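Below: target.txt (compact mmCIF, C-alpha atoms and all ligand atoms)
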```
# COMPACT_ATOMS: atom_id res chain seq x y z
CA MET A 12 27.45 -18.51 10.20
CA ALA A 13 25.90 -15.07 9.58
CA ALA A 14 24.71 -14.38 6.02
CA ALA A 15 26.94 -12.09 3.97
CA PRO A 16 25.55 -8.54 3.75
CA ALA A 17 23.57 -7.87 0.57
CA ILE A 18 25.46 -6.08 -2.19
CA ILE A 19 23.61 -2.81 -2.78
CA PRO A 20 24.08 -1.22 -6.19
CA SER A 21 24.29 2.56 -6.65
CA HIS A 22 21.47 2.61 -9.21
CA MET A 23 18.30 0.65 -9.89
CA LYS A 24 15.40 0.24 -12.29
CA ALA A 25 12.39 2.40 -11.43
CA TRP A 26 9.22 3.95 -12.84
CA ALA A 27 9.13 7.72 -12.36
CA TYR A 28 7.54 10.90 -13.68
CA SER A 29 9.15 14.31 -14.15
CA GLU A 30 5.99 16.24 -15.00
CA HIS A 31 2.31 15.83 -14.24
CA GLY A 32 -0.03 14.36 -16.82
CA LYS A 33 -1.86 11.18 -17.77
CA SER A 34 0.01 8.21 -16.31
CA ASN A 35 0.52 6.44 -19.65
CA ALA A 36 2.41 9.50 -20.94
CA ALA A 37 4.03 10.87 -17.76
CA LEU A 38 5.29 7.63 -16.20
CA LYS A 39 8.65 6.59 -17.72
CA PHE A 40 10.93 3.61 -17.13
CA HIS A 41 14.32 4.63 -15.72
CA PRO A 42 17.02 1.94 -16.03
CA ASN A 43 19.51 3.95 -13.90
CA PHE A 44 17.65 5.66 -11.06
CA PRO A 45 19.75 6.42 -7.93
CA ILE A 46 19.19 4.13 -4.94
CA PRO A 47 17.38 6.16 -2.22
CA GLU A 48 19.34 7.53 0.74
CA LEU A 49 18.59 5.79 4.03
CA ASN A 50 17.58 7.93 7.04
CA GLU A 51 18.52 6.66 10.50
CA ASP A 52 14.95 5.64 11.41
CA GLN A 53 14.36 3.82 8.10
CA VAL A 54 15.16 0.50 6.48
CA LEU A 55 16.16 -0.10 2.86
CA ILE A 56 13.90 -2.69 1.23
CA LYS A 57 14.53 -4.85 -1.84
CA VAL A 58 11.07 -4.62 -3.37
CA VAL A 59 9.42 -7.93 -4.23
CA ALA A 60 5.88 -6.62 -4.80
CA ALA A 61 4.22 -3.21 -4.95
CA ALA A 62 0.64 -2.05 -5.38
CA ILE A 63 -0.92 1.00 -7.01
CA ASN A 64 -3.81 2.86 -5.42
CA PRO A 65 -6.10 5.66 -6.68
CA ILE A 66 -3.89 8.21 -4.84
CA ASP A 67 -0.96 7.25 -7.10
CA TYR A 68 -2.68 8.20 -10.32
CA HIS A 69 -4.26 11.28 -8.71
CA LYS A 70 -0.73 12.41 -7.81
CA ILE A 71 0.66 11.68 -11.29
CA VAL A 72 -2.10 13.81 -12.80
CA GLY A 73 -1.23 16.59 -10.34
CA ASN A 74 -4.22 16.56 -8.00
CA TYR A 75 -2.06 16.55 -4.83
CA LYS A 76 0.82 18.87 -5.73
CA GLY A 77 1.13 20.06 -2.11
CA SER A 78 2.44 16.66 -0.96
CA ASP A 79 4.71 16.04 -3.97
CA ALA A 80 8.38 15.17 -3.52
CA PRO A 81 10.75 16.96 -5.95
CA PHE A 82 10.77 15.55 -9.52
CA PRO A 83 11.53 12.89 -10.66
CA ILE A 84 8.93 11.12 -8.50
CA VAL A 85 8.71 7.35 -8.13
CA PRO A 86 5.08 6.54 -7.21
CA GLY A 87 3.85 3.71 -4.98
CA TYR A 88 2.96 3.65 -1.28
CA ASP A 89 2.37 -0.07 -0.79
CA VAL A 90 5.36 -2.40 -0.63
CA ALA A 91 6.35 -5.92 0.35
CA GLY A 92 9.95 -7.03 0.24
CA VAL A 93 13.11 -7.92 2.13
CA VAL A 94 15.10 -5.62 4.44
CA ILE A 95 18.65 -5.31 3.12
CA LYS A 96 19.95 -2.42 5.25
CA VAL A 97 18.88 -0.99 8.61
CA GLY A 98 19.22 2.67 9.66
CA SER A 99 21.34 3.40 12.74
CA ALA A 100 18.29 4.28 14.90
CA ALA A 101 15.98 1.55 13.54
CA LYS A 102 15.48 -1.28 16.02
CA LYS A 103 12.48 -3.31 14.89
CA PHE A 104 13.94 -5.14 11.87
CA LYS A 105 17.15 -6.81 10.81
CA GLU A 106 18.62 -7.58 7.41
CA GLY A 107 16.78 -10.45 5.72
CA ASP A 108 13.41 -9.76 7.41
CA GLU A 109 10.39 -10.06 5.11
CA VAL A 110 8.27 -6.95 5.61
CA TYR A 111 5.24 -5.16 4.24
CA GLY A 112 3.81 -1.71 4.77
CA MET A 113 3.83 1.84 3.49
CA VAL A 114 6.39 4.24 2.05
CA GLU A 115 6.25 7.93 3.01
CA ALA A 116 4.94 10.37 0.36
CA LYS A 117 8.21 12.35 0.38
CA ASP A 118 10.36 9.26 -0.29
CA VAL A 119 11.16 7.22 -3.38
CA GLY A 120 8.06 5.07 -3.91
CA SER A 121 7.69 1.33 -4.31
CA LEU A 122 7.56 1.11 -8.13
CA ALA A 123 11.29 0.50 -8.07
CA GLU A 124 13.77 -2.24 -7.23
CA TYR A 125 14.56 -0.62 -3.86
CA THR A 126 12.69 1.73 -1.55
CA THR A 127 13.06 3.10 1.97
CA ALA A 128 10.41 3.13 4.68
CA GLN A 129 10.23 4.24 8.29
CA GLU A 130 10.09 1.19 10.47
CA ASN A 131 6.88 2.37 12.18
CA GLY A 132 5.20 2.14 8.75
CA LEU A 133 6.17 -1.53 8.36
CA ASP A 134 5.51 -4.91 9.94
CA HIS A 135 6.76 -8.43 9.45
CA LYS A 136 5.06 -10.10 6.49
CA PRO A 137 2.75 -12.85 7.76
CA PRO A 138 4.16 -16.17 6.49
CA ASN A 139 0.78 -17.25 5.13
CA LEU A 140 0.68 -14.27 2.72
CA SER A 141 2.61 -14.06 -0.54
CA PHE A 142 4.54 -10.85 -1.18
CA ALA A 143 1.93 -9.83 -3.77
CA GLU A 144 -0.91 -10.43 -1.31
CA ALA A 145 0.89 -8.48 1.43
CA ALA A 146 1.63 -5.54 -0.89
CA SER A 147 -2.05 -5.25 -1.80
CA LEU A 148 -3.11 -4.53 1.78
CA PRO A 149 -1.53 -1.58 3.65
CA LEU A 150 -3.11 1.62 2.30
CA ALA A 151 -6.49 0.04 1.59
CA ILE A 152 -6.69 -1.52 5.06
CA GLU A 153 -5.60 1.72 6.73
CA THR A 154 -8.30 3.58 4.79
CA ALA A 155 -10.96 0.98 5.65
CA TYR A 156 -10.05 0.94 9.33
CA GLY A 157 -9.93 4.74 9.47
CA ALA A 158 -13.35 5.03 7.81
CA LEU A 159 -14.97 2.51 10.18
CA HIS A 160 -13.37 4.26 13.15
CA LYS A 161 -14.57 7.65 11.91
CA VAL A 162 -18.21 6.57 11.61
CA GLY A 163 -18.06 5.32 15.21
CA LEU A 164 -19.05 1.73 14.48
CA SER A 165 -19.54 -0.22 17.70
CA ALA A 166 -20.34 -3.73 18.83
CA GLY A 167 -23.71 -5.08 17.76
CA GLN A 168 -24.35 -2.49 15.04
CA SER A 169 -24.89 -3.37 11.37
CA ILE A 170 -23.24 -1.71 8.39
CA LEU A 171 -23.80 -1.66 4.63
CA VAL A 172 -20.55 -1.38 2.65
CA LEU A 173 -21.00 -0.11 -0.90
CA GLY A 174 -18.40 -1.60 -3.24
CA GLY A 175 -17.56 -4.52 -0.95
CA THR A 176 -15.32 -6.18 -3.57
CA GLY A 177 -13.07 -3.13 -3.98
CA GLY A 178 -9.64 -2.47 -2.51
CA VAL A 179 -11.11 -0.49 0.42
CA GLY A 180 -14.55 -2.14 0.54
CA ASN A 181 -13.16 -5.63 0.96
CA PRO A 182 -11.20 -4.97 4.19
CA CYS A 183 -14.16 -2.85 5.40
CA CYS A 184 -16.28 -6.01 5.26
CA SER A 185 -13.81 -8.04 7.32
CA ASP A 186 -12.61 -5.25 9.66
CA CYS A 187 -16.16 -4.37 10.71
CA GLN A 188 -16.53 -7.77 12.35
CA THR A 189 -12.99 -8.59 13.45
CA CYS A 190 -12.00 -5.12 14.74
CA PHE A 191 -15.31 -3.48 15.64
CA TRP A 192 -17.36 -6.54 16.65
CA CYS A 193 -20.05 -5.43 14.23
CA PHE A 194 -23.06 -7.75 14.33
CA LYS A 195 -23.47 -7.98 10.55
CA GLY A 196 -21.82 -6.36 7.58
CA SER A 197 -23.61 -6.34 4.23
CA SER A 198 -22.08 -5.25 0.98
CA TYR A 199 -23.19 -4.25 -2.47
CA SER A 200 -21.11 -4.68 -5.59
CA GLN A 201 -21.65 -5.14 -9.28
CA TYR A 202 -19.93 -8.52 -8.72
CA TRP A 203 -22.38 -9.69 -6.06
CA LYS A 204 -23.23 -12.78 -8.11
CA THR A 205 -19.70 -14.14 -7.66
CA GLY A 206 -20.10 -14.19 -3.88
CA ILE A 207 -16.67 -12.49 -3.44
CA ASP A 208 -18.17 -9.88 -1.16
CA GLU A 209 -19.98 -12.50 0.94
CA GLU A 210 -16.76 -14.49 1.41
CA ALA A 211 -15.13 -11.28 2.68
CA GLY A 212 -17.62 -11.14 5.52
CA GLY A 213 -20.60 -9.42 3.91
N1 LIG B 301 -7.25 2.13 -2.31
C1 LIG B 301 -6.89 2.96 -1.34
O1 LIG B 301 -5.92 2.70 -0.63
C2 LIG B 301 -7.67 4.23 -1.08
C3 LIG B 301 -7.18 5.13 -0.12
C4 LIG B 301 -7.90 6.30 0.16
C5 LIG B 301 -9.06 6.56 -0.55
N2 LIG B 301 -9.49 5.69 -1.51
C6 LIG B 301 -10.73 6.00 -2.22
O2 LIG B 301 -11.70 4.97 -1.93
C7 LIG B 301 -12.51 4.74 -3.10
C8 LIG B 301 -12.45 3.28 -3.51
O3 LIG B 301 -11.10 2.95 -3.83
P1 LIG B 301 -10.68 1.44 -4.11
O4 LIG B 301 -9.19 1.41 -4.16
O5 LIG B 301 -11.38 0.53 -3.17
O6 LIG B 301 -11.26 1.25 -5.60
P2 LIG B 301 -11.64 -0.11 -6.34
O7 LIG B 301 -10.77 -1.23 -5.86
O8 LIG B 301 -11.69 0.19 -7.79
O9 LIG B 301 -13.10 -0.43 -5.83
C9 LIG B 301 -14.21 0.36 -6.23
C10 LIG B 301 -15.46 -0.31 -5.71
O10 LIG B 301 -16.56 0.56 -6.00
C11 LIG B 301 -17.57 -0.22 -6.64
N3 LIG B 301 -18.30 0.61 -7.59
C12 LIG B 301 -17.79 1.31 -8.63
N4 LIG B 301 -18.78 1.93 -9.27
C13 LIG B 301 -19.92 1.63 -8.62
C14 LIG B 301 -21.29 1.97 -8.81
N5 LIG B 301 -21.66 2.78 -9.80
N6 LIG B 301 -22.19 1.47 -7.93
C15 LIG B 301 -21.80 0.67 -6.90
N7 LIG B 301 -20.53 0.30 -6.68
C16 LIG B 301 -19.61 0.78 -7.53
C17 LIG B 301 -16.83 -1.33 -7.36
O11 LIG B 301 -17.72 -2.40 -7.53
P3 LIG B 301 -17.55 -3.42 -8.74
O12 LIG B 301 -16.23 -4.07 -8.54
O13 LIG B 301 -18.69 -4.33 -8.59
O14 LIG B 301 -17.57 -2.57 -9.98
C18 LIG B 301 -15.72 -1.67 -6.36
O15 LIG B 301 -16.16 -2.59 -5.40
C19 LIG B 301 -11.97 5.68 -4.20
O16 LIG B 301 -12.76 6.86 -4.17
C20 LIG B 301 -10.56 5.99 -3.73
O17 LIG B 301 -10.08 7.22 -4.24
C21 LIG B 301 -8.82 4.53 -1.78
```
Rendering of file as structure tokens:
Amino acid sequence: MAAAPAIIPSHMKAWAYSEHGKSNAALKFHPNFPIPELNEDQVLIKVVAAAINPIDYHKIVGNYKGSDAPFPIVPGYDVAGVVIKVGSAAKKFKEGDEVYGMVEAKDVGSLAEYTTAQENGLDHKPPNLSFAEAASLPLAIETAYGALHKVGLSAGQSILVLGGTGGVGNPCCSDCQTCFWCFKGSSYSQYWKTGIDEEAGG
């Protein structure tokens, strides 16, 4: 028997800002924020976990006004959650799928109970990752992969990753060997004594 469709409320809890400024002053809790509209190539996600990246607080401060959505803005690019509604042109996911990925800058972000994302910005959550682990990955991994691609890393080369324990540095250490067949990645971090960076492939 097919599962009953999820009941989608008209409003949700969300964090949002209506003016730029320091995040502790600008970011406010909204108990009745409208549920985002779903475009045909998107899915509506019940958010289970979200992550904040440096770009989020740069945008709250007002450093990227050119890419701002209209106020009030819900921040958050990274999301992991469950698909509860599928747009008419979306084909990759069905209701109930566990997904992770990135929300578009113009859309309601992931610091909310519900968010929308284009299906080409999402993938199925690997079963061996928790929602929190999955939500921590998308933007940082994309940045790491893009950086390694940009420097033209190729098989057999070596690379030194500064800040190998950081959000971007950590996937740099693993991507350089798994995606670019790098001979050896080394990293430097103030936490080098913990061995975290070495476990990540450094
Ligand atoms: N996160 C993203 O998705 C993303 C996307 C685009 C661009 N970026 C940019 O990428 C950079 C890193 O972001 P992140 O999210 O990875 O930040 P993060 O998680 O805070 O990591 C910062 C890393 O830099 C290291 N570090 C800080 N100060 C250092 C110093 N003085 N000497 C050596 N290492 C130092 C830290 O090492 P310790 O932990 O040992 O202090 C840590 O490993 C930022 O400039 C950010 O704006 C990030």
9 Å contact set for Gly87 (chain A), all atoms listed in the file, chain neighbours under 5 positions out, as a ChimeraX atom specification: /A:61-64,66-67,113-114,116,119-123
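Taking all atoms listed in the file into account, the protein, DNA and RNA residues within 8 Å of (16.2, 1.0, 1.7) read Ile46, Pro47, Glu48, Leu49, Gln53, Val54, Leu55, Ile56, Lys57, Val94, Ile95, Lys96, Val97, Tyr125, Thr126, Thr127 and Ala128 of chain A.
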All residues having an atom within 6 Å of ligand LIG 301 (chain B) (all atoms listed in the file) as a PDB file with C-alpha atoms, in the coordinates of the input:
```pdb
ATOM      1  CA  ASN A  64      -3.810   2.860  -5.420  1.00  0.00           C
ATOM      2  CA  PRO A  65      -6.100   5.660  -6.680  1.00  0.00           C
ATOM      3  CA  LEU A 150      -3.110   1.620   2.300  1.00  0.00           C
ATOM      4  CA  ALA A 151      -6.490   0.040   1.590  1.00  0.00           C
ATOM      5  CA  THR A 154      -8.300   3.580   4.790  1.00  0.00           C
ATOM      6  CA  LEU A 173     -21.000  -0.110  -0.900  1.00  0.00           C
ATOM      7  CA  GLY A 174     -18.400  -1.600  -3.240  1.00  0.00           C
ATOM      8  CA  GLY A 175     -17.560  -4.520  -0.950  1.00  0.00           C
ATOM      9  CA  THR A 176     -15.320  -6.180  -3.570  1.00  0.00           C
ATOM     10  CA  GLY A 177     -13.070  -3.130  -3.980  1.00  0.00           C
ATOM     11  CA  GLY A 178      -9.640  -2.470  -2.510  1.00  0.00           C
ATOM     12  CA  VAL A 179     -11.110  -0.490   0.420  1.00  0.00           C
ATOM     13  CA  GLY A 180     -14.550  -2.140   0.540  1.00  0.00           C
ATOM     14  CA  SER A 200     -21.110  -4.680  -5.590  1.00  0.00           C
ATOM     15  CA  GLN A 201     -21.650  -5.140  -9.280  1.00  0.00           C
ATOM     16  CA  TYR A 202     -19.930  -8.520  -8.720  1.00  0.00           C
TER      17      TYR A 202
END
```
Which residue is closest to Ile84 (chain A)? Choose from A:Gly157, A:Gly163, A:Pro45, A:Pro137 and count all atoms listed in the file.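 Result for the nearest residue to Ile84 (chain A): A:Pro45.
What separates CA of Asp186 (chain A) from CA of Ser141 (chain A) is a distance of 20.3 Å.
A straight line drawn from CA of Lys24 (chain A) to CA of Pro83 (chain A) is 13.3 Å long.
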List the neighbours of Pro138 (chain A) out to 12 Å using all atoms listed in the file; skip same-chain residues closer than 6 positions along the sequence, and give me the result as a count of residues only. 6
Selected residue, from A:Cys187, A:Ala100, A:Val72, A:Val59, that lies nearest to Tyr28 (chain A) when counting all atoms listed in the file: A:Val72
Considering only C-alpha atoms, return as a ChimeraX atom specification whatever protein or nucleic-acid residues lie within 9 Å of region 73-81 of chain A, sequence-local ones (same chain, fewer than 4 positions apart) excluded. /A:29-32,66,68-69,116-119
Mind pulling up the distance from CA of Val172 (chain A) to CA of Tyr156 (chain A)? 12.7 Å
Return as JSON the box centre and box size in Å, one decimal, for an axis-aligned box around all listed atoms of region 154-166 of chain A padded by 4 Å per side.
```
{"center_x": -14.3, "center_y": 2.0, "center_z": 11.8, "size_x": 20.0, "size_y": 19.4, "size_z": 22.0}
```
Taking (-18.1, 3.4, 12.2) in the coordinates of the supplied file, I want to know which residues reach to within 12 Å of it, counting all atoms listed in the file; could you give the answer as a PyMOL selection string? chain A and resi 155-172+183-184+186-188+190-193+196
Counting only C-alpha atoms, the option among A:Ile18, A:Ala27, A:Ala37, A:Ala146 closest to Val58 (chain A):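 Selected residue with least distance to Val58 (chain A): A:Ala146.
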Given all atoms listed in the file as the basis, pick out the residue of A:Ile152, A:Ala17, A:Ala60, A:Leu133 nearest to Gly92 (chain A). A:Ala60
Kindly indicate which residue among A:Leu140, A:Leu148, A:Leu38, A:Ala101 lies nearest to Phe82 (chain A), using only C-alpha atoms for the distances.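 Closest candidate: A:Leu38.
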With distances taken over only C-alpha atoms, which residue among A:Asp134, A:Lys102, A:Asn43, A:Ser185 lies nearest Pro149 (chain A)?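 Residue with the minimum atom-to-atom distance to Pro149 (chain A): A:Asp134.
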